[in-house]
file protein.txt (compact mmCIF, C-alpha atoms)
# COMPACT_ATOMS: atom_id res chain seq x y z
CA MET A 1 -66.26 73.93 -25.09
CA GLY A 2 -65.92 76.55 -27.84
CA THR A 3 -66.06 76.18 -31.56
CA ARG A 4 -63.31 73.59 -31.66
CA ARG A 5 -65.49 71.01 -30.00
CA ARG A 6 -68.59 71.89 -32.01
CA ALA A 7 -66.68 71.62 -35.26
CA ARG A 8 -65.55 68.14 -34.27
CA ARG A 9 -68.95 66.91 -33.30
CA GLY A 10 -70.64 64.45 -35.54
CA ARG A 11 -67.56 62.34 -35.80
CA VAL A 12 -65.77 61.81 -32.53
CA ILE A 13 -63.22 59.07 -31.94
CA PHE A 14 -63.79 57.37 -28.60
CA GLU A 15 -61.24 55.15 -26.91
CA VAL A 16 -62.54 52.29 -24.81
CA PHE A 17 -60.86 50.87 -21.73
CA ARG A 18 -62.16 47.59 -20.42
CA GLN A 19 -62.05 46.02 -17.00
CA GLU A 20 -62.33 42.28 -17.37
CA ARG A 21 -62.94 41.39 -13.73
CA ALA A 22 -63.70 43.42 -10.63
CA GLY A 23 -60.53 44.73 -9.05
CA GLN A 24 -58.43 44.46 -12.21
CA ALA A 25 -56.84 47.38 -13.99
CA PHE A 26 -58.63 48.86 -16.99
CA GLN A 27 -56.92 48.03 -20.25
CA HIS A 28 -57.21 49.73 -23.58
CA ALA A 29 -59.59 47.68 -25.74
CA GLY A 30 -60.04 49.64 -28.97
CA SER A 31 -61.73 52.64 -30.45
CA PHE A 32 -64.74 53.60 -32.52
CA VAL A 33 -66.27 56.65 -34.13
CA ALA A 34 -69.58 57.89 -32.77
CA PRO A 35 -71.63 61.03 -33.36
CA GLY A 36 -71.83 61.77 -29.63
CA PRO A 37 -71.88 60.34 -26.10
CA GLU A 38 -75.27 58.59 -26.42
CA PHE A 39 -74.17 56.63 -29.45
CA ALA A 40 -70.80 56.05 -27.82
CA GLU A 41 -72.45 54.35 -24.89
CA ALA A 42 -74.60 52.17 -27.11
CA TYR A 43 -71.65 51.21 -29.30
CA ALA A 44 -69.45 50.49 -26.29
CA ARG A 45 -72.10 48.17 -24.83
CA GLU A 46 -72.44 46.32 -28.14
CA PHE A 47 -68.73 46.07 -28.90
CA TYR A 48 -67.36 45.24 -25.48
CA GLY A 49 -70.18 44.02 -23.30
CA ARG A 50 -72.65 41.89 -25.17
CA ARG A 51 -71.11 38.59 -24.13
CA GLY A 52 -70.69 39.65 -20.52
CA GLU A 53 -66.95 39.85 -21.10
CA SER A 54 -66.48 43.12 -19.21
CA GLU A 55 -66.99 44.20 -15.63
CA ALA A 56 -66.94 47.89 -16.55
CA LEU A 57 -65.91 50.19 -19.39
CA TRP A 58 -64.37 53.64 -19.60
CA VAL A 59 -65.38 55.45 -22.77
CA VAL A 60 -63.32 58.57 -23.43
CA PRO A 61 -63.14 60.97 -26.38
CA ARG A 62 -59.64 60.52 -27.78
CA ASP A 63 -59.02 64.27 -27.80
CA GLU A 64 -59.53 64.38 -24.05
CA ILE A 65 -56.64 62.01 -23.47
CA ALA A 66 -53.27 63.63 -22.86
CA GLU A 67 -50.52 61.33 -23.99
CA ILE A 68 -47.00 61.71 -22.68
CA GLY A 69 -44.44 59.54 -24.39
CA GLU A 70 -40.99 61.07 -23.96
CA PHE A 71 -39.17 60.90 -20.67
CA VAL A 72 -35.91 62.77 -20.94
CA ASP A 73 -33.57 62.47 -18.00
CA GLU A 74 -31.18 65.35 -18.65
CA LEU A 75 -29.84 65.40 -15.12
CA HIS A 76 -29.31 61.62 -14.99
CA ARG A 77 -31.24 61.34 -11.78
CA ASN A 78 -30.34 57.74 -11.08
CA TYR A 79 -31.41 58.05 -7.44
CA HIS A 80 -34.93 57.39 -8.81
CA ARG A 81 -33.87 54.07 -10.17
CA VAL A 82 -32.43 50.76 -9.07
CA ASP A 83 -29.20 51.43 -10.95
CA GLY A 84 -28.52 54.39 -8.65
CA TYR A 85 -27.76 52.06 -5.77
CA SER A 86 -24.78 49.74 -6.16
CA LEU A 87 -25.01 47.90 -2.88
CA ARG A 88 -23.16 44.76 -3.87
CA GLU A 89 -19.69 46.23 -4.00
CA LYS A 90 -20.17 48.29 -0.84
CA LEU A 91 -21.66 45.36 1.02
CA GLY A 92 -18.63 43.27 0.10
CA ARG A 93 -16.30 45.88 1.54
CA ALA A 94 -18.46 46.34 4.63
CA ARG A 95 -18.42 42.62 5.29
CA GLU A 96 -14.65 42.57 4.90
CA ARG A 97 -14.32 45.38 7.38
CA ALA A 98 -16.62 43.60 9.82
CA GLY A 99 -14.76 40.35 9.33
CA THR A 100 -17.91 38.52 8.21
CA ALA A 101 -16.91 38.03 4.55
CA THR A 102 -17.07 34.42 3.31
CA SER A 103 -14.48 33.06 0.90
CA ALA A 104 -17.05 32.87 -1.88
CA GLY A 105 -18.30 36.42 -1.34
CA MET B 1 -36.30 53.87 -22.18
CA THR B 2 -35.54 52.86 -25.76
CA THR B 3 -34.56 55.05 -28.67
CA LYS B 4 -37.11 55.04 -31.46
CA PRO B 5 -35.90 54.12 -34.93
CA ARG B 6 -35.34 57.10 -37.22
CA THR B 7 -34.18 55.51 -40.45
CA GLU B 8 -35.61 52.73 -42.61
CA GLN B 9 -32.78 50.36 -41.66
CA GLU B 10 -33.17 51.07 -37.95
CA PHE B 11 -36.89 50.52 -38.31
CA LEU B 12 -36.41 47.21 -40.11
CA ASP B 13 -33.94 46.05 -37.44
CA HIS B 14 -36.41 47.13 -34.78
CA VAL B 15 -39.36 45.15 -36.12
CA GLN B 16 -37.23 42.13 -37.03
CA ALA B 17 -35.96 42.03 -33.45
CA GLY B 18 -39.56 41.80 -32.27
CA GLY B 19 -40.02 45.55 -31.71
CA LEU B 20 -43.48 47.06 -31.84
CA VAL B 21 -44.78 50.19 -33.56
CA GLU B 22 -47.52 52.54 -32.37
CA SER B 23 -49.67 54.75 -34.58
CA GLY B 24 -47.88 57.98 -33.62
CA ASP B 25 -44.40 56.56 -34.25
CA TRP B 26 -42.36 57.42 -37.29
CA MET B 27 -42.53 54.65 -39.88
CA PRO B 28 -41.18 54.20 -43.42
CA ASP B 29 -43.68 55.01 -46.19
CA GLU B 30 -43.46 51.48 -47.51
CA TYR B 31 -44.35 50.01 -44.11
CA ARG B 32 -47.35 52.32 -43.80
CA ALA B 33 -48.52 51.56 -47.34
CA ARG B 34 -48.22 47.80 -46.85
CA LEU B 35 -49.99 47.98 -43.51
CA VAL B 36 -52.89 49.95 -44.99
CA LYS B 37 -53.27 47.55 -47.90
CA PHE B 38 -53.05 44.45 -45.72
CA ILE B 39 -55.31 45.66 -42.92
CA GLU B 40 -57.83 47.21 -45.31
CA MET B 41 -58.16 43.88 -47.12
CA HIS B 42 -58.77 42.22 -43.77
CA GLY B 43 -61.50 44.76 -42.98
CA ASN B 44 -63.04 44.32 -46.41
CA SER B 45 -63.07 40.56 -45.90
CA GLU B 46 -64.89 40.84 -42.58
CA LEU B 47 -67.48 43.08 -44.17
CA MET B 48 -67.93 41.02 -47.33
CA GLY B 49 -67.75 37.80 -45.31
CA VAL B 50 -71.14 38.46 -43.76
CA LEU B 51 -72.90 38.37 -47.12
CA PRO B 52 -72.63 34.63 -47.85
CA GLU B 53 -74.08 33.95 -44.40
CA ARG B 54 -76.64 36.73 -44.46
CA GLU B 55 -78.32 34.92 -47.33
CA TRP B 56 -79.19 32.09 -44.94
CA ILE B 57 -80.49 34.00 -41.95
CA LEU B 58 -84.08 33.84 -43.17
CA ARG B 59 -83.69 30.20 -44.19
CA ALA B 60 -81.99 28.96 -41.00
CA PRO B 61 -83.62 25.69 -39.86
CA THR B 62 -84.42 26.74 -36.26
CA LEU B 63 -84.85 29.94 -34.29
CA GLN B 64 -81.69 29.16 -32.30
CA ARG B 65 -79.66 28.81 -35.51
CA LYS B 66 -81.17 32.00 -36.88
CA LEU B 67 -80.10 33.90 -33.76
CA ALA B 68 -76.64 32.33 -33.74
CA LEU B 69 -76.11 33.20 -37.39
CA THR B 70 -77.31 36.75 -36.86
CA ALA B 71 -74.93 37.08 -33.91
CA LYS B 72 -72.07 35.85 -36.09
CA VAL B 73 -72.94 38.43 -38.72
CA GLN B 74 -72.95 41.12 -36.03
CA ASP B 75 -69.54 39.93 -34.80
CA GLU B 76 -68.02 40.09 -38.28
CA ALA B 77 -69.43 43.55 -38.97
CA GLY B 78 -67.99 44.61 -35.61
CA HIS B 79 -64.59 43.24 -36.64
CA ALA B 80 -64.77 45.26 -39.84
CA GLN B 81 -65.40 48.45 -37.86
CA LEU B 82 -62.50 47.72 -35.47
CA ILE B 83 -60.17 47.02 -38.35
CA TYR B 84 -61.19 50.04 -40.41
CA ARG B 85 -60.47 52.20 -37.33
CA VAL B 86 -56.90 50.95 -37.38
CA VAL B 87 -56.68 51.84 -41.08
CA GLU B 88 -58.13 55.30 -40.35
CA ASP B 89 -55.46 55.98 -37.76
CA LEU B 90 -52.88 55.09 -40.41
CA GLY B 91 -54.31 57.82 -42.63
CA LYS B 92 -56.98 56.29 -44.85
CA PRO B 93 -60.57 57.29 -43.93
CA ARG B 94 -63.20 54.59 -43.63
CA GLU B 95 -65.38 56.28 -46.26
CA GLN B 96 -62.50 55.93 -48.69
CA CYS B 97 -62.05 52.25 -47.78
CA LEU B 98 -65.74 51.62 -48.44
CA ALA B 99 -65.64 53.56 -51.71
CA ASP B 100 -62.61 51.56 -52.89
CA LEU B 101 -64.30 48.33 -51.85
CA VAL B 102 -67.50 48.88 -53.83
CA SER B 103 -65.65 50.23 -56.85
CA GLY B 104 -63.53 47.06 -56.92
CA THR B 105 -60.28 48.96 -56.37
CA SER B 106 -59.39 47.09 -53.19
CA LYS B 107 -59.58 43.37 -52.55
CA PHE B 108 -61.17 40.89 -50.17
CA HIS B 109 -60.45 37.24 -49.39
CA ASN B 110 -61.09 34.59 -52.03
CA VAL B 111 -63.56 32.57 -49.96
CA PHE B 112 -66.13 35.38 -49.91
CA HIS B 113 -66.48 35.41 -53.69
CA TYR B 114 -68.28 32.05 -53.77
CA PRO B 115 -71.98 31.17 -53.45
CA THR B 116 -73.57 29.64 -50.36
CA LYS B 117 -75.64 26.91 -51.97
CA SER B 118 -77.05 25.03 -49.00
CA TRP B 119 -77.23 25.01 -45.21
CA GLY B 120 -74.30 22.59 -45.45
CA ASP B 121 -72.23 25.46 -46.85
CA VAL B 122 -73.18 27.60 -43.87
CA GLY B 123 -71.80 24.93 -41.52
CA VAL B 124 -68.65 24.37 -43.54
CA ILE B 125 -67.99 28.13 -43.82
CA ALA B 126 -68.43 28.78 -40.10
CA TRP B 127 -66.35 25.76 -39.18
CA LEU B 128 -63.56 25.57 -41.76
CA VAL B 129 -63.36 29.03 -43.32
CA ASP B 130 -63.34 30.54 -39.84
CA ALA B 131 -60.79 27.94 -38.75
CA ALA B 132 -58.50 28.90 -41.63
CA ALA B 133 -59.04 32.57 -40.81
CA ILE B 134 -58.33 32.18 -37.10
CA ILE B 135 -54.95 30.63 -37.93
CA SER B 136 -53.95 33.79 -39.84
CA GLN B 137 -55.47 36.01 -37.18
CA LYS B 138 -53.73 34.27 -34.29
CA ALA B 139 -50.46 34.85 -36.10
CA LEU B 140 -51.38 38.54 -36.31
CA LEU B 141 -51.38 38.73 -32.52
CA LYS B 142 -47.62 39.04 -33.07
CA CYS B 143 -47.88 41.74 -35.74
CA SER B 144 -45.27 44.49 -35.43
CA TYR B 145 -48.01 47.10 -35.63
CA ALA B 146 -49.28 47.02 -32.06
CA PRO B 147 -52.71 48.67 -32.50
CA TYR B 148 -53.62 45.96 -35.03
CA ALA B 149 -52.23 43.16 -32.87
CA ARG B 150 -54.23 44.40 -29.89
CA ILE B 151 -57.63 44.28 -31.58
CA MET B 152 -56.84 40.78 -32.81
CA LYS B 153 -57.37 39.47 -29.27
CA LYS B 154 -61.05 40.33 -29.35
CA ILE B 155 -61.41 39.13 -32.93
CA CYS B 156 -59.82 35.73 -32.25
CA TRP B 157 -61.93 35.30 -29.16
CA GLU B 158 -65.13 35.90 -31.12
CA GLU B 159 -64.01 33.73 -34.03
CA SER B 160 -63.67 30.82 -31.64
CA PHE B 161 -67.45 31.02 -31.09
CA HIS B 162 -67.98 30.85 -34.84
CA ILE B 163 -65.98 27.67 -35.13
CA LEU B 164 -68.07 26.17 -32.34
CA HIS B 165 -71.25 27.22 -34.11
CA GLY B 166 -70.03 25.83 -37.43
CA ARG B 167 -68.87 22.55 -35.97
CA ASP B 168 -72.18 22.19 -34.18
CA VAL B 169 -74.09 22.76 -37.43
CA VAL B 170 -71.93 20.16 -39.21
CA LEU B 171 -72.18 17.60 -36.40
CA THR B 172 -75.95 18.00 -36.23
CA MET B 173 -76.27 17.42 -39.97
CA MET B 174 -73.89 14.45 -39.85
CA LEU B 175 -76.20 12.92 -37.23
CA GLY B 176 -79.21 13.53 -39.48
CA THR B 177 -80.63 11.97 -42.62
CA ASP B 178 -78.62 10.74 -45.59
CA GLU B 179 -79.70 13.86 -47.46
CA GLN B 180 -78.32 16.08 -44.71
CA ARG B 181 -75.04 14.16 -44.65
CA ALA B 182 -74.85 14.51 -48.41
CA LEU B 183 -75.32 18.28 -48.12
CA VAL B 184 -72.27 18.50 -45.84
CA GLN B 185 -70.17 16.34 -48.13
CA GLU B 186 -71.17 18.39 -51.18
CA ALA B 187 -70.36 21.61 -49.35
CA LEU B 188 -66.96 20.30 -48.25
CA THR B 189 -66.21 19.23 -51.82
CA ARG B 190 -67.14 22.71 -53.10
CA TRP B 191 -65.13 24.56 -50.44
CA TRP B 192 -61.97 22.45 -50.36
CA GLY B 193 -60.33 24.18 -53.33
CA PRO B 194 -60.90 27.72 -52.03
CA LEU B 195 -59.85 26.59 -48.52
CA MET B 196 -56.54 25.28 -49.82
CA GLN B 197 -55.97 28.54 -51.68
CA PHE B 198 -56.94 30.65 -48.68
CA HIS B 199 -53.48 31.08 -47.10
CA GLY B 200 -51.90 32.05 -50.40
CA ASN B 201 -49.13 30.64 -52.55
CA PRO B 202 -46.20 29.00 -50.76
CA ILE B 203 -43.91 32.00 -51.12
CA SER B 204 -41.03 31.70 -48.66
CA ALA B 205 -41.07 34.04 -45.69
CA ASP B 206 -37.81 35.62 -46.88
CA ASP B 207 -39.45 36.67 -50.14
CA ASP B 208 -42.63 37.94 -48.51
CA PRO B 209 -42.39 41.68 -47.79
CA THR B 210 -45.24 41.54 -45.29
CA TYR B 211 -43.16 39.03 -43.34
CA GLN B 212 -40.00 41.10 -43.71
CA TRP B 213 -41.78 44.01 -42.06
CA ARG B 214 -43.21 41.57 -39.49
CA ILE B 215 -46.76 42.47 -40.41
CA LYS B 216 -47.26 38.75 -40.77
CA SER B 217 -45.42 36.46 -38.41
CA GLN B 218 -45.63 33.20 -40.35
CA ALA B 219 -45.17 32.00 -43.89
CA ASN B 220 -48.24 31.10 -45.98
CA GLU B 221 -47.34 27.43 -46.12
CA ASP B 222 -46.90 27.25 -42.34
CA ALA B 223 -50.45 28.52 -41.94
CA ARG B 224 -51.80 25.96 -44.41
CA GLN B 225 -49.93 23.11 -42.71
CA GLN B 226 -51.35 24.22 -39.38
CA PHE B 227 -54.84 24.21 -40.88
CA LEU B 228 -54.43 20.72 -42.33
CA ASP B 229 -52.92 19.44 -39.12
CA GLY B 230 -55.73 20.77 -37.00
CA TYR B 231 -58.73 20.06 -39.17
CA VAL B 232 -58.20 17.16 -41.58
CA PRO B 233 -58.37 14.61 -38.73
CA GLN B 234 -61.57 16.28 -37.52
CA ILE B 235 -63.04 16.04 -41.02
CA TRP B 236 -62.03 12.42 -41.48
CA GLU B 237 -63.38 11.28 -38.12
CA LEU B 238 -66.88 12.26 -39.27
CA GLY B 239 -66.61 9.99 -42.29
CA LEU B 240 -66.35 12.94 -44.69
CA ILE B 241 -64.16 12.65 -47.74
CA VAL B 242 -61.65 15.36 -48.55
CA PRO B 243 -61.70 15.69 -52.35
CA ASP B 244 -57.96 15.36 -52.84
CA PRO B 245 -56.57 11.87 -53.51
CA LYS B 246 -53.03 13.08 -52.84
CA LEU B 247 -53.77 14.38 -49.36
CA ARG B 248 -51.73 12.53 -46.75
CA GLN B 249 -49.54 13.22 -43.77
CA ARG B 250 -45.93 12.13 -44.08
CA GLU B 251 -44.01 10.43 -41.28
CA ASP B 252 -42.33 13.74 -40.43
CA GLY B 253 -45.73 15.34 -39.93
CA VAL B 254 -45.80 17.42 -43.11
CA TRP B 255 -48.98 17.27 -45.15
CA GLU B 256 -48.80 16.53 -48.86
CA TYR B 257 -51.60 17.66 -51.12
CA SER B 258 -52.42 18.41 -54.75
CA GLU B 259 -51.21 21.79 -55.93
CA PRO B 260 -54.00 24.30 -55.27
CA ASP B 261 -55.28 26.18 -58.30
CA TRP B 262 -53.34 29.45 -58.00
CA ASP B 263 -54.78 30.77 -61.26
CA GLU B 264 -58.26 30.44 -59.80
CA LEU B 265 -57.14 32.28 -56.67
CA LYS B 266 -55.72 35.14 -58.70
CA HIS B 267 -58.73 35.30 -60.96
CA VAL B 268 -61.17 35.32 -58.04
CA VAL B 269 -59.46 37.91 -55.83
CA THR B 270 -59.02 40.30 -58.72
CA GLY B 271 -62.78 40.56 -58.90
CA HIS B 272 -63.82 37.65 -61.12
CA GLY B 273 -65.31 35.23 -58.62
CA PRO B 274 -68.75 33.70 -59.22
CA MET B 275 -70.40 36.05 -56.71
CA THR B 276 -68.08 39.08 -56.82
CA GLU B 277 -70.29 41.36 -58.87
CA GLU B 278 -73.52 40.46 -57.13
CA ARG B 279 -72.10 40.95 -53.64
CA LEU B 280 -70.34 44.22 -54.46
CA GLY B 281 -73.57 45.37 -56.09
CA PHE B 282 -75.44 44.53 -52.91
CA ARG B 283 -72.90 46.49 -50.85
CA ARG B 284 -73.22 49.43 -53.24
CA THR B 285 -77.02 49.43 -53.05
CA THR B 286 -77.22 49.17 -49.26
CA ARG B 287 -74.62 51.90 -48.94
CA GLU B 288 -76.82 54.20 -51.01
CA GLU B 289 -80.01 53.13 -49.30
CA THR B 290 -78.64 53.76 -45.81
CA ALA B 291 -76.99 57.08 -46.63
CA TRP B 292 -79.96 58.95 -45.16
CA VAL B 293 -79.44 57.27 -41.77
CA ARG B 294 -75.87 58.54 -41.59
CA ASP B 295 -76.98 61.99 -42.72
CA VAL B 296 -79.68 62.22 -40.04
CA VAL B 297 -77.43 60.96 -37.25
CA LEU B 298 -74.57 63.26 -38.17
CA ALA B 299 -76.84 66.26 -38.71
CA GLU B 300 -78.48 65.73 -35.33
CA ALA B 301 -75.14 65.46 -33.61
CA ALA B 302 -73.72 68.55 -35.27
call {"tool": "encode", "arguments": {"input": "protein.txt", "output": "C-alpha cells"}}
result
Amino acid sequence: MGTRRRARRGRVIFEVFRQERAGQAFQHAGSFVAPGPEFAEAYAREFYGRRGESEALWVVPRDEIAEIGEFVDELHRNYHRVDGYSLREKLGRARERAGTATSAG
Amino acid sequence: MTTKPRTEQEFLDHVQAGGLVESGDWMPDEYRARLVKFIEMHGNSELMGVLPEREWILRAPTLQRKLALTAKVQDEAGHAQLIYRVVEDLGKPREQCLADLVSGTSKFHNVFHYPTKSWGDVGVIAWLVDAAAIISQKALLKCSYAPYARIMKKICWEESFHILHGRDVVLTMMLGTDEQRALVQEALTRWWGPLMQFHGNPISADDDPTYQWRIKSQANEDARQQFLDGYVPQIWELGLIVPDPKLRQREDGVWEYSEPDWDELKHVVTGHGPMTEERLGFRRTTREETAWVRDVVLAEAA
C-alpha cells in the first residue's frame, strides 16, 4: 500500500468483467478511469448495468491484474497435449496383431 | 501458440490474414498512428454527436421523449469515454484528445456540424444518422485492433436502441398532422446530402490504408450501399421523398445515386460546417466551467 499506490490515486484505470447471465463465465467488458473505488462502483453500474444487461460485475484496478502471455515449452512436454499421444498408428498395429483389423483400417 | 509478428511485413501479413492485435503487442508506428487518428475521431464524434440532440431535450414534446433523448445522450457520452480509453491505452491521453478537439486540431464526423432545426431533425438523426453509423460500427467488430473491436459490441447494442427511438419518433410524426409530416420531410431533405457523404468518398479498399491495416473491414462504398439497401425502402414506404431524382436500385441490386458533394464534406469536416464553431465553443466553455468538479474529485481522491 505504500507510496506507489498513493501516487497513483486520483486516476486509476479499472477493468470491468461482466457476467451476462447467472452461471456464465465473466467476460472482459471494458475499462474506465475513476478517482477511487466509490466512483468505480458508480461508473460500473452506469456503464454496464443500467439496462439490466448484467447479472454481476467484477471491477478490478488494472494494476492488480497479473497478465501472463508467454508460454515457452523448452522441454517440449507433449505429454500435456493431444499431440503427445499418437494412438492411431499403434491401434492399427494392435488390431493387426489381434487379427481384428478390417481391410479399410 | 502463435509467434507474434516482429517486422512491419509480418505484421501486415498477420492482420490481413485476420490476425488480431492487443494493446501490449508490438505494432508498426504507422499502424499505431492511424489507429489513434481513426479511433480518436470516432470518440470525438460520439462526444460532439450529443450536442445536436442536447438542444432538443428541453423542447421534447413529451416527458417520455425527453427521458429517451436524455438516455441517448448519456449512451453517446458513455461511448466517447469507452473509445477515448482505447486511445489512451495506445498512448494519447484523454485530456490531450479533448484539447485537440476544442482547438480544432482533430476532426469529428460531418453530420455533427449541422443544425437541428426541428423535432423532425431529431427523429431523422436518431433513425438515419444512427443507422449509417451502426453500419460502420458493425464493420468495426472485425477491426484488427481487438480492444477497439470488443467495445464495439456494447456500442452497437446501444445504437440499436437509438434507431428504435428515432424510427418511433418519425413514425409518430408521420401518423400526425400535415405539419408534422412536413417537418419530417423537410428534415429528410436537409439530412440526405450529409447522409450520403457520411461513409466517405468511394475510394477502393485497396487504396484505403485503414483497410490495408484492417482497421476498417469494408470499403466506403460498400457501407453506403448497405445503408441505401436497408433504409431507402423504409423511407419510401412511409411516403417520404428522397431528394435525389437519380436514386434507384438496379436489377443487380446496386443502388445508383447522384454524386454526393465531396467538396462540402471536405469543407465541413475541416471545421467549416454551419455549426462547427458554435458547438466547439460550447464544448470549450463547458470544459472550463466543469474544471472545478474534476479538481475537487481528484483532490479528494489524492
call {"tool": "atom_distance", "arguments": {"input": "protein.txt", "atom1": "CA of Lys37 (chain B)", "atom2": "CA of Lys107 (chain B)"}}
result
8.9 Å
call {"tool": "interface_residues", "arguments": {"input": "protein.txt", "of": "chain A", "to": "chain B", "cutoff": "10 Å", "atoms": "only C-alpha atoms", "output": "list in words"}}
result
Arg6, Ala7, Arg8, Arg9, Gly10, Arg11, Ile13, His28, Ala29, Gly30, Ser31, Phe32, Val33, Ala34, Pro35, Gly36, Pro37, Glu38, Phe39, Tyr43, Glu46, Phe47, Tyr48, Arg51, Gly69, Glu70, Phe71, Val72 and Asp73 of chain A
call {"tool": "axis_aligned_box", "arguments": {"input": "protein.txt", "around": "region 17-26 of chain A", "padding_each_side": "8 Å", "output": "AutoDock Vina command-line options"}}
result
--center_x -60.3 --center_y 46.1 --center_z -15.4 --size_x 22.9 --size_y 25.5 --size_z 28.7
call {"tool": "atom_distance", "arguments": {"input": "protein.txt", "atom1": "CA of Glu55 (chain B)", "atom2": "CA of Thr116 (chain B)"}}
result
7.7 Å
call {"tool": "atom_distance", "arguments": {"input": "protein.txt", "atom1": "CA of Asp89 (chain B)", "atom2": "CA of Met48 (chain B)"}}
result
21.7 Å
